[in-house]
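Enquirer: The structure's right below; bear with me while I get my questions together.
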Amino acid sequence: MSTQQLPANTIRELNESSEPVPFYEALRKALKKRKVKIDSVCPPADPVARRILEEYGAVFVADKKVKPPPVCVFTTEEQVAKFQEEAGVKTEYIAYDHVELQPEALKHLLKAREEAQKEGLDITPRDGAEAARRNYEDSVRLWNSRFEPALDYWLSQGRLTAEQVNRLRGLPLSQQVAEVLELEKTGIYFSKDLSKSILYSIAAPGTSQHIHMLAFDVNEFENPRIREIMAKHGWFQTVLSDLPHFTFLGLKEKDLPKRGLRSVEVNGQVFWIPNVVGTHPGLDK
Ligand SMILES: [Zn+2]
């Protein structure tokens, strides 16, 4: 995900046009079609899994040509490698960078780029190869790039003791994530600028849409025409506040409310996030 940060007060909700469906209803339907149960994918009773689902879950309601992950949280490199192999990895060079995505996602990204180029614009990867596919280790490394400096900061501010910091560092990853999310409820934030949840700054280990090979970080995200072209080709922004990050859903924008997503505008950019009204932490601030 990105390092872009925004003040929370720039968030406002948009009015929906077509009949919105609650996310969990759309999700149950989508999973049923894929013959899987929500409990095996993302147990709703597990608060971390639930939070991940509500932040990054748009991929689960994507078009049937897209392969969503078998679990909300991958816990090993082997598990990620097996999923990526099953999903199929396609590669293309874009602006000299290696871009690896699920076949359908890459196909439509290239179409979007072609359309942009016809208008004298371009769509290129942000931060090189890291803009597209990532593996499990990448996600752990990126997590630590936020987790570690935040620990140092909160220690220096006296909000965490050396003992707490050492304990947090020593925890297994899944527990570390759970405790970070708990601390954030008390205002001890772990995002890059320490002002909001780490989940808007970087994905929890094993949960990134980049692992799913359904995400692409775009250099030209600030251009509204580029965002329009991406959307036309099934690429939407589904992670609130992550400004350069696009997710391949393979759907038409007008159908997104039926798929359990709702639109929210942040700084003029439209994000399609799981329609879980009232519980979305990003909108509660
Ligand atoms: Zn990203």
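In the structure tokens, chains take the letters A, B, ... in the order shown, each chain's residues start at 1, and ligands count up from 1 in the order shown.
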Quick one: residues within 12 Å of A:Leu194, only C-alpha atoms counted, chain neighbours fewer than 2 positions away excluded, as a list in words?
Expert: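 That gives Thr3, Gln5, Leu6, Pro7, Arg146, Phe147, Glu148, Pro149, Ala150, Leu151, Asp152, Tyr153, Trp154, Glu184, Gly187, Ile188, Tyr189, Phe190, Ser191, Lys192, Lys196, Ser197, Ile198, Leu199, Tyr200 and Ser201 of chain A.
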Enquirer: Excluding A:His233 and residues on its chain fewer than 3 positions from it, collect all residues at most 12 Å away from it, counting only C-alpha atoms, and give them as a ChimeraX atom specification.
Expert: /A:104-116,226-230,236,246-253
Enquirer: Got time to write the residues from that selection, N, CA and C atoms, as a compact mmCIF listing (two decimals), in the first residue's frame?
Expert:
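To be explicit, this is the file written out as out_7.txt:
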# COMPACT_ATOMS: atom_id res chain seq x y z
N GLU A 104 -6.64 -11.75 -15.58
CA GLU A 104 -7.74 -10.85 -15.90
C GLU A 104 -7.41 -9.40 -15.48
N ALA A 105 -6.78 -9.28 -14.34
CA ALA A 105 -6.41 -7.96 -13.83
C ALA A 105 -5.39 -7.29 -14.75
N LEU A 106 -4.40 -8.06 -15.18
CA LEU A 106 -3.37 -7.51 -16.07
C LEU A 106 -3.96 -7.11 -17.42
N LYS A 107 -4.82 -7.99 -17.94
CA LYS A 107 -5.44 -7.72 -19.23
C LYS A 107 -6.16 -6.36 -19.23
N HIS A 108 -6.93 -6.12 -18.18
CA HIS A 108 -7.71 -4.88 -18.13
C HIS A 108 -6.86 -3.67 -17.75
N LEU A 109 -5.76 -3.91 -17.04
CA LEU A 109 -4.84 -2.81 -16.77
C LEU A 109 -4.20 -2.34 -18.07
N LEU A 110 -3.83 -3.30 -18.91
CA LEU A 110 -3.20 -2.94 -20.19
C LEU A 110 -4.18 -2.21 -21.10
N LYS A 111 -5.45 -2.64 -21.05
CA LYS A 111 -6.47 -1.93 -21.83
C LYS A 111 -6.64 -0.49 -21.34
N ALA A 112 -6.63 -0.35 -20.04
CA ALA A 112 -6.78 1.00 -19.45
C ALA A 112 -5.59 1.87 -19.88
N ARG A 113 -4.40 1.27 -19.85
CA ARG A 113 -3.20 2.02 -20.21
C ARG A 113 -3.25 2.44 -21.68
N GLU A 114 -3.72 1.53 -22.51
CA GLU A 114 -3.84 1.83 -23.93
C GLU A 114 -4.78 3.03 -24.15
N GLU A 115 -5.90 3.00 -23.43
CA GLU A 115 -6.85 4.11 -23.55
C GLU A 115 -6.22 5.42 -23.07
N ALA A 116 -5.49 5.34 -21.98
CA ALA A 116 -4.83 6.55 -21.45
C ALA A 116 -3.82 7.09 -22.47
N ILE A 226 -7.47 9.71 -15.26
CA ILE A 226 -6.84 8.39 -15.08
C ILE A 226 -7.73 7.52 -14.19
N ARG A 227 -8.24 8.09 -13.11
CA ARG A 227 -9.10 7.32 -12.20
C ARG A 227 -10.36 6.87 -12.93
N GLU A 228 -10.86 7.75 -13.81
CA GLU A 228 -12.05 7.43 -14.60
C GLU A 228 -11.76 6.26 -15.56
N ILE A 229 -10.62 6.32 -16.21
CA ILE A 229 -10.24 5.26 -17.15
C ILE A 229 -10.03 3.94 -16.40
N MET A 230 -9.37 4.00 -15.27
CA MET A 230 -9.16 2.78 -14.47
C MET A 230 -10.52 2.17 -14.10
N PHE A 236 -10.88 -0.16 -9.29
CA PHE A 236 -11.45 0.83 -8.37
C PHE A 236 -10.56 1.00 -7.14
N PHE A 246 -5.11 0.90 -6.42
CA PHE A 246 -6.31 0.48 -7.16
C PHE A 246 -6.47 -1.02 -7.03
N THR A 247 -7.74 -1.46 -7.02
CA THR A 247 -8.07 -2.88 -6.86
C THR A 247 -8.83 -3.34 -8.09
N PHE A 248 -8.44 -4.48 -8.64
CA PHE A 248 -9.20 -4.99 -9.77
C PHE A 248 -10.41 -5.79 -9.29
N LEU A 249 -11.61 -5.30 -9.65
CA LEU A 249 -12.84 -6.02 -9.32
C LEU A 249 -13.50 -6.59 -10.57
N GLY A 250 -13.17 -6.03 -11.74
CA GLY A 250 -13.73 -6.52 -12.99
C GLY A 250 -15.22 -6.26 -13.12
N LEU A 251 -15.71 -5.26 -12.39
CA LEU A 251 -17.15 -4.96 -12.40
C LEU A 251 -17.38 -3.55 -12.96
N LYS A 252 -18.66 -3.28 -13.26
CA LYS A 252 -19.02 -1.91 -13.67
C LYS A 252 -19.32 -1.10 -12.42
N GLU A 253 -18.97 0.17 -12.48
CA GLU A 253 -19.15 1.01 -11.30
C GLU A 253 -20.60 1.03 -10.82
Enquirer: Please produce, as CSV, a per-residue contact table for chain A versus ligand 1 (criterion: any atom at most 9 Å away, only C-alpha atoms and all ligand atoms considered), showing the nearest atom pair and its distance in Å to one decimal, sorted by chain then residue number.
Expert:
residue,atom,partner,partner_atom_place_in_ligand_line,distance
A:Met1,CA,ligand 1,1 (Zn),3.2
A:Ser2,CA,ligand 1,1 (Zn),5.7
A:Arg126,CA,ligand 1,1 (Zn),8.9
A:Glu130,CA,ligand 1,1 (Zn),8.4
A:Ala131,CA,ligand 1,1 (Zn),6.3
A:Ala132,CA,ligand 1,1 (Zn),7.4
A:Ile202,CA,ligand 1,1 (Zn),8.2
A:Ala203,CA,ligand 1,1 (Zn),8.8
A:Ser208,CA,ligand 1,1 (Zn),7.9
A:Gln209,CA,ligand 1,1 (Zn),7.3
A:His210,CA,ligand 1,1 (Zn),6.4
A:Ala215,CA,ligand 1,1 (Zn),5.9
A:Phe216,CA,ligand 1,1 (Zn),5.8
A:Asp217,CA,ligand 1,1 (Zn),4.8
A:Val218,CA,ligand 1,1 (Zn),8.4
A:Val239,CA,ligand 1,1 (Zn),8.6
A:Asp242,CA,ligand 1,1 (Zn),7.2
A:Leu243,CA,ligand 1,1 (Zn),8.6
A:Pro244,CA,ligand 1,1 (Zn),6.7
A:His245,CA,ligand 1,1 (Zn),4.2
A:Phe246,CA,ligand 1,1 (Zn),6.8
A:Thr247,CA,ligand 1,1 (Zn),8.2
Enquirer: Can I get the selected residues back with N, CA, C and O atoms, as an mmCIF file, in the first residue's frame?
Expert:
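Once written, out-v8.cif looks like this:
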data_model
loop_
_atom_site.group_PDB
_atom_site.id
_atom_site.type_symbol
_atom_site.label_atom_id
_atom_site.label_comp_id
_atom_site.auth_asym_id
_atom_site.auth_seq_id
_atom_site.Cartn_x
_atom_site.Cartn_y
_atom_site.Cartn_z
ATOM 1 N N MET A 1 0.845 -1.183 0.000
ATOM 2 C CA MET A 1 0.000 0.000 0.000
ATOM 3 C C MET A 1 0.891 1.247 0.000
ATOM 4 O O MET A 1 2.076 1.178 -0.192
ATOM 5 N N SER A 2 0.327 2.374 0.255
ATOM 6 C CA SER A 2 1.109 3.577 0.008
ATOM 7 C C SER A 2 1.533 4.254 1.281
ATOM 8 O O SER A 2 1.162 3.896 2.371
ATOM 9 N N ARG A 126 3.875 2.660 -9.444
ATOM 10 C CA ARG A 126 4.502 3.474 -8.416
ATOM 11 C C ARG A 126 5.437 2.570 -7.600
ATOM 12 O O ARG A 126 5.035 1.490 -7.198
ATOM 13 N N GLU A 130 7.131 -3.341 -6.822
ATOM 14 C CA GLU A 130 6.312 -3.431 -5.621
ATOM 15 C C GLU A 130 4.885 -2.908 -5.855
ATOM 16 O O GLU A 130 3.994 -3.120 -5.040
ATOM 17 N N ALA A 131 4.668 -2.232 -6.971
ATOM 18 C CA ALA A 131 3.344 -1.684 -7.283
ATOM 19 C C ALA A 131 2.301 -2.775 -7.504
ATOM 20 O O ALA A 131 1.110 -2.540 -7.352
ATOM 21 N N ALA A 132 2.743 -3.968 -7.898
ATOM 22 C CA ALA A 132 1.779 -5.033 -8.193
ATOM 23 C C ALA A 132 1.955 -6.200 -7.209
ATOM 24 O O ALA A 132 1.768 -6.021 -6.018
ATOM 25 N N ILE A 202 -0.522 0.640 5.691
ATOM 26 C CA ILE A 202 0.048 -0.604 5.175
ATOM 27 C C ILE A 202 -0.855 -1.760 5.608
ATOM 28 O O ILE A 202 -1.467 -1.695 6.665
ATOM 29 N N ALA A 203 -0.933 -2.790 4.800
ATOM 30 C CA ALA A 203 -1.782 -3.928 5.167
ATOM 31 C C ALA A 203 -1.138 -4.734 6.288
ATOM 32 O O ALA A 203 0.079 -4.779 6.412
ATOM 33 N N SER A 208 -2.557 -8.270 2.270
ATOM 34 C CA SER A 208 -2.585 -7.244 1.228
ATOM 35 C C SER A 208 -3.247 -7.713 -0.067
ATOM 36 O O SER A 208 -3.066 -8.847 -0.505
ATOM 37 N N GLN A 209 -3.963 -6.814 -0.687
ATOM 38 C CA GLN A 209 -4.519 -7.110 -2.016
ATOM 39 C C GLN A 209 -3.398 -7.297 -3.038
ATOM 40 O O GLN A 209 -3.615 -7.873 -4.090
ATOM 41 N N HIS A 210 -2.192 -6.828 -2.705
ATOM 42 C CA HIS A 210 -1.045 -7.072 -3.585
ATOM 43 C C HIS A 210 -0.656 -8.556 -3.550
ATOM 44 O O HIS A 210 -0.208 -9.102 -4.548
ATOM 45 N N ALA A 215 -4.045 -5.869 -6.998
ATOM 46 C CA ALA A 215 -3.833 -4.461 -6.684
ATOM 47 C C ALA A 215 -2.681 -3.907 -7.499
ATOM 48 O O ALA A 215 -1.721 -4.611 -7.814
ATOM 49 N N PHE A 216 -2.815 -2.620 -7.827
ATOM 50 C CA PHE A 216 -1.778 -1.930 -8.594
ATOM 51 C C PHE A 216 -1.706 -0.490 -8.116
ATOM 52 O O PHE A 216 -2.718 0.212 -8.084
ATOM 53 N N ASP A 217 -0.510 -0.066 -7.708
ATOM 54 C CA ASP A 217 -0.322 1.316 -7.253
ATOM 55 C C ASP A 217 0.084 2.170 -8.443
ATOM 56 O O ASP A 217 1.080 1.881 -9.106
ATOM 57 N N VAL A 218 -0.698 3.213 -8.691
ATOM 58 C CA VAL A 218 -0.565 4.013 -9.908
ATOM 59 C C VAL A 218 0.123 5.350 -9.615
ATOM 60 O O VAL A 218 -0.305 6.093 -8.732
ATOM 61 N N VAL A 239 -9.480 0.714 -0.873
ATOM 62 C CA VAL A 239 -8.866 0.806 0.455
ATOM 63 C C VAL A 239 -8.848 2.282 0.835
ATOM 64 O O VAL A 239 -8.105 3.084 0.264
ATOM 65 N N ASP A 242 -5.933 5.113 0.901
ATOM 66 C CA ASP A 242 -4.707 4.680 0.219
ATOM 67 C C ASP A 242 -4.791 5.226 -1.210
ATOM 68 O O ASP A 242 -5.340 4.595 -2.110
ATOM 69 N N LEU A 243 -4.256 6.432 -1.402
ATOM 70 C CA LEU A 243 -4.534 7.196 -2.619
ATOM 71 C C LEU A 243 -4.038 6.597 -3.936
ATOM 72 O O LEU A 243 -4.752 6.635 -4.928
ATOM 73 N N PRO A 244 -2.823 6.026 -4.028
ATOM 74 C CA PRO A 244 -2.388 5.493 -5.333
ATOM 75 C C PRO A 244 -2.849 4.052 -5.596
ATOM 76 O O PRO A 244 -2.573 3.505 -6.655
ATOM 77 N N HIS A 245 -3.534 3.450 -4.633
ATOM 78 C CA HIS A 245 -3.839 2.004 -4.671
ATOM 79 C C HIS A 245 -5.179 1.710 -5.370
ATOM 80 O O HIS A 245 -6.220 2.196 -4.953
ATOM 81 N N PHE A 246 -5.111 0.903 -6.420
ATOM 82 C CA PHE A 246 -6.310 0.482 -7.155
ATOM 83 C C PHE A 246 -6.471 -1.023 -7.032
ATOM 84 O O PHE A 246 -5.492 -1.765 -6.982
ATOM 85 N N THR A 247 -7.745 -1.458 -7.021
ATOM 86 C CA THR A 247 -8.069 -2.877 -6.863
ATOM 87 C C THR A 247 -8.826 -3.339 -8.094
ATOM 88 O O THR A 247 -9.780 -2.670 -8.522
#
Enquirer: Nearest residue to A:Ala58 out of A:Thr238, A:Asn166, A:Ser263, A:Ser40, using only C-alpha atoms?
Expert: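 With only C-alpha atoms as the atom set, the closest residue is A:Thr238.
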Enquirer: Expressed in Å to a single decimal, how great is the separation between atom CA of A:Ala162 and atom CA of A:Val48?
Expert: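 For atom CA of A:Ala162 relative to atom CA of A:Val48, the distance reads 25.1 Å.
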Enquirer: Expressed in Å to a single decimal, how great is the separation between atom CA of A:Ala87 and atom CA of A:Phe221?
Expert: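 Interatomic distance, atom CA of A:Ala87 to atom CA of A:Phe221: 26.5 Å.
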Enquirer: Counting only C-alpha atoms, which residue out of A:Ile94, A:Leu101, A:Leu31, A:Leu53 sits closest to A:Met213?
Expert: A:Leu101
Enquirer: So which bits of stretch 87-215 of chain A end up strand (DSSP E or B) when you DSSP the backbone, as a list in words?
Expert: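 Listing strand (DSSP E or B) positions across stretch 87-215 of chain A yields Lys90, Thr91, Glu92, Tyr93, Ile94, Asp97, His98, Val99, Glu100, Leu101, Pro125 and Ala215 of chain A.
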Enquirer: Given the selection you just returned, output its residues as a file containing N, CA and C atoms, formatted as a tab-separated table (two decimals), in the first residue's frame.
Expert:
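Wrote out19.tsv, looks like this:
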chain	number	residue	atom	x	y	z
A	90	LYS	N	0.44	-13.42	-14.41
A	90	LYS	CA	0.82	-12.90	-15.73
A	90	LYS	C	1.76	-11.73	-15.54
A	91	THR	N	2.72	-11.62	-16.44
A	91	THR	CA	3.75	-10.59	-16.30
A	91	THR	C	3.81	-9.70	-17.53
A	92	GLU	N	4.07	-8.43	-17.31
A	92	GLU	CA	4.24	-7.50	-18.41
A	92	GLU	C	5.20	-6.41	-17.93
A	93	TYR	N	5.96	-5.85	-18.85
A	93	TYR	CA	6.79	-4.72	-18.47
A	93	TYR	C	6.03	-3.43	-18.74
A	94	ILE	N	5.91	-2.61	-17.74
A	94	ILE	CA	5.28	-1.30	-17.91
A	94	ILE	C	6.28	-0.26	-17.45
A	97	ASP	N	9.24	-1.52	-15.66
A	97	ASP	CA	9.07	-2.27	-14.42
A	97	ASP	C	8.27	-3.53	-14.69
A	98	HIS	N	8.60	-4.54	-13.93
A	98	HIS	CA	7.99	-5.84	-13.97
A	98	HIS	C	6.65	-5.77	-13.24
A	99	VAL	N	5.56	-5.99	-13.95
A	99	VAL	CA	4.24	-5.94	-13.31
A	99	VAL	C	3.62	-7.33	-13.36
A	100	GLU	N	3.35	-7.91	-12.21
A	100	GLU	CA	2.77	-9.25	-12.14
A	100	GLU	C	1.40	-9.18	-11.46
A	101	LEU	N	0.39	-9.73	-12.16
A	101	LEU	CA	-0.98	-9.69	-11.65
A	101	LEU	C	-1.73	-10.95	-12.07
A	125	PRO	N	3.55	2.08	-12.96
A	125	PRO	CA	3.65	1.57	-11.58
A	125	PRO	C	4.40	2.51	-10.64
A	215	ALA	N	-4.05	-5.87	-7.00
A	215	ALA	CA	-3.83	-4.46	-6.68
A	215	ALA	C	-2.68	-3.91	-7.50
Enquirer: Let me make sure I understand: among A:Thr186, A:Asp138, A:Ala95, A:Ala49, which one has the smallest atom-to-atom distance to A:Arg159 if we use only C-alpha atoms?
Expert: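 The closest residue to A:Arg159 is A:Thr186.
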Enquirer: Stretch 100-263 of chain A: which residues are helix (DSSP H, G or I) by DSSP, as a PyMOL selection string?
Expert: chain A and resi 103-118+128-131+136-156+162-170+173-184+198-200+224-232+253-255+257-259
Enquirer: Take the selection from the previous step and output its residues with C-alpha atoms, as a PDB file, in the first residue's frame.
Expert:
ATOM      1  CA  PRO A 103      -4.396 -12.657 -15.805  1.00  0.00           C
ATOM      2  CA  GLU A 104      -7.742 -10.846 -15.901  1.00  0.00           C
ATOM      3  CA  ALA A 105      -6.412  -7.958 -13.827  1.00  0.00           C
ATOM      4  CA  LEU A 106      -3.367  -7.505 -16.066  1.00  0.00           C
ATOM      5  CA  LYS A 107      -5.445  -7.722 -19.234  1.00  0.00           C
ATOM      6  CA  HIS A 108      -7.709  -4.885 -18.129  1.00  0.00           C
ATOM      7  CA  LEU A 109      -4.838  -2.813 -16.767  1.00  0.00           C
ATOM      8  CA  LEU A 110      -3.195  -2.940 -20.187  1.00  0.00           C
ATOM      9  CA  LYS A 111      -6.475  -1.930 -21.833  1.00  0.00           C
ATOM     10  CA  ALA A 112      -6.776   0.996 -19.454  1.00  0.00           C
ATOM     11  CA  ARG A 113      -3.201   2.017 -20.213  1.00  0.00           C
ATOM     12  CA  GLU A 114      -3.844   1.832 -23.933  1.00  0.00           C
ATOM     13  CA  GLU A 115      -6.848   4.109 -23.549  1.00  0.00           C
ATOM     14  CA  ALA A 116      -4.832   6.553 -21.452  1.00  0.00           C
ATOM     15  CA  GLN A 117      -2.026   6.617 -23.998  1.00  0.00           C
ATOM     16  CA  LYS A 118      -4.469   7.439 -26.796  1.00  0.00           C
ATOM     17  CA  GLY A 128       8.634  -0.249  -9.316  1.00  0.00           C
ATOM     18  CA  ALA A 129       7.783  -3.933  -9.091  1.00  0.00           C
ATOM     19  CA  GLU A 130       6.312  -3.431  -5.621  1.00  0.00           C
ATOM     20  CA  ALA A 131       3.344  -1.684  -7.283  1.00  0.00           C
ATOM     21  CA  TYR A 136       4.269 -12.905   2.209  1.00  0.00           C
ATOM     22  CA  GLU A 137       7.734 -11.706   3.222  1.00  0.00           C
ATOM     23  CA  ASP A 138       7.131  -8.352   1.502  1.00  0.00           C
ATOM     24  CA  SER A 139       4.001  -7.883   3.557  1.00  0.00           C
ATOM     25  CA  VAL A 140       5.862  -8.645   6.804  1.00  0.00           C
ATOM     26  CA  ARG A 141       8.690  -6.273   5.883  1.00  0.00           C
ATOM     27  CA  LEU A 142       6.240  -3.473   5.049  1.00  0.00           C
ATOM     28  CA  TRP A 143       4.351  -4.067   8.293  1.00  0.00           C
ATOM     29  CA  ASN A 144       7.588  -3.715  10.260  1.00  0.00           C
ATOM     30  CA  SER A 145       8.397  -0.490   8.397  1.00  0.00           C
ATOM     31  CA  ARG A 146       5.405   1.070  10.192  1.00  0.00           C
ATOM     32  CA  PHE A 147       5.299  -1.015  13.379  1.00  0.00           C
ATOM     33  CA  GLU A 148       8.933  -0.462  14.463  1.00  0.00           C
ATOM     34  CA  PRO A 149       9.170   3.354  14.118  1.00  0.00           C
ATOM     35  CA  ALA A 150       5.773   3.712  15.795  1.00  0.00           C
ATOM     36  CA  LEU A 151       6.956   1.661  18.791  1.00  0.00           C
ATOM     37  CA  ASP A 152      10.034   3.893  19.104  1.00  0.00           C
ATOM     38  CA  TYR A 153       7.888   6.999  18.882  1.00  0.00           C
ATOM     39  CA  TRP A 154       5.323   5.948  21.488  1.00  0.00           C
ATOM     40  CA  LEU A 155       8.128   4.807  23.776  1.00  0.00           C
ATOM     41  CA  SER A 156       9.789   8.230  23.464  1.00  0.00           C
ATOM     42  CA  ALA A 162      10.097  -0.413  27.388  1.00  0.00           C
ATOM     43  CA  GLU A 163       8.569  -3.558  28.795  1.00  0.00           C
ATOM     44  CA  GLN A 164       5.423  -3.182  26.651  1.00  0.00           C
ATOM     45  CA  VAL A 165       7.497  -2.469  23.553  1.00  0.00           C
ATOM     46  CA  ASN A 166       9.661  -5.549  24.068  1.00  0.00           C
ATOM     47  CA  ARG A 167       6.629  -7.690  24.684  1.00  0.00           C
ATOM     48  CA  LEU A 168       4.914  -6.410  21.493  1.00  0.00           C
ATOM     49  CA  ARG A 169       8.047  -7.061  19.425  1.00  0.00           C
ATOM     50  CA  GLY A 170       8.218 -10.632  20.696  1.00  0.00           C
ATOM     51  CA  LEU A 173       2.458 -11.745  14.130  1.00  0.00           C
ATOM     52  CA  SER A 174      -1.248 -12.494  14.443  1.00  0.00           C
ATOM     53  CA  GLN A 175      -1.226 -11.435  18.082  1.00  0.00           C
ATOM     54  CA  GLN A 176       0.902  -8.410  17.260  1.00  0.00           C
ATOM     55  CA  VAL A 177      -1.732  -7.240  14.769  1.00  0.00           C
ATOM     56  CA  ALA A 178      -4.527  -7.816  17.278  1.00  0.00           C
ATOM     57  CA  GLU A 179      -2.728  -5.797  19.965  1.00  0.00           C
ATOM     58  CA  VAL A 180      -1.808  -2.966  17.592  1.00  0.00           C
ATOM     59  CA  LEU A 181      -5.472  -2.619  16.614  1.00  0.00           C
ATOM     60  CA  GLU A 182      -6.411  -2.573  20.314  1.00  0.00           C
ATOM     61  CA  LEU A 183      -3.806   0.121  21.096  1.00  0.00           C
ATOM     62  CA  GLU A 184      -5.114   2.206  18.205  1.00  0.00           C
ATOM     63  CA  ILE A 198      -1.827   1.350  10.435  1.00  0.00           C
ATOM     64  CA  LEU A 199      -4.343  -0.387   8.148  1.00  0.00           C
ATOM     65  CA  TYR A 200      -4.668   2.837   6.109  1.00  0.00           C
ATOM     66  CA  PRO A 224      -9.147  12.401 -12.321  1.00  0.00           C
ATOM     67  CA  ARG A 225      -9.222  11.239 -15.949  1.00  0.00           C
ATOM     68  CA  ILE A 226      -6.835   8.389 -15.080  1.00  0.00           C
ATOM     69  CA  ARG A 227      -9.099   7.317 -12.204  1.00  0.00           C
ATOM     70  CA  GLU A 228     -12.047   7.431 -14.604  1.00  0.00           C
ATOM     71  CA  ILE A 229     -10.237   5.260 -17.152  1.00  0.00           C
ATOM     72  CA  MET A 230      -9.164   2.779 -14.465  1.00  0.00           C
ATOM     73  CA  ALA A 231     -12.777   2.518 -13.233  1.00  0.00           C
ATOM     74  CA  LYS A 232     -14.045   1.985 -16.762  1.00  0.00           C
ATOM     75  CA  GLU A 253     -19.146   1.014 -11.298  1.00  0.00           C
ATOM     76  CA  LYS A 254     -22.949   1.126 -11.369  1.00  0.00           C
ATOM     77  CA  ASP A 255     -23.086  -2.461 -10.070  1.00  0.00           C
ATOM     78  CA  PRO A 257     -23.671  -1.004  -4.590  1.00  0.00           C
ATOM     79  CA  LYS A 258     -25.351  -4.315  -5.453  1.00  0.00           C
ATOM     80  CA  ARG A 259     -22.084  -6.044  -4.611  1.00  0.00           C
TER      81      ARG A 259
END
Enquirer: For A:Leu240, which of A:Ala26, A:Tyr56, A:Pro172, A:Asn275 is the closest residue, counting only C-alpha atoms?
Expert: A:Tyr56
Enquirer: Please measure the separation of atom CA of A:Thr207 and atom CA of A:Val73, giving the value in Å to one decimal.
Expert: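 Atom-to-atom, atom CA of A:Thr207 and atom CA of A:Val73 are spaced 5.0 Å apart.
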Enquirer: Let me make sure I understand: among A:Pro22, A:Gly158, A:Pro43, A:Gly120, which one has the smallest atom-to-atom distance to A:Val276 if we use only C-alpha atoms?
Expert: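 That would be A:Pro22, the residue with the smallest distance to A:Val276.
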Enquirer: Taking into account only C-alpha atoms, which residue in the set A:Phe271, A:Leu214, A:Pro20, A:Ala81 is nearest to A:Arg133?
Expert: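 Of A:Phe271, A:Leu214, A:Pro20, A:Ala81, the one nearest A:Arg133 is A:Leu214, counting only C-alpha atoms.
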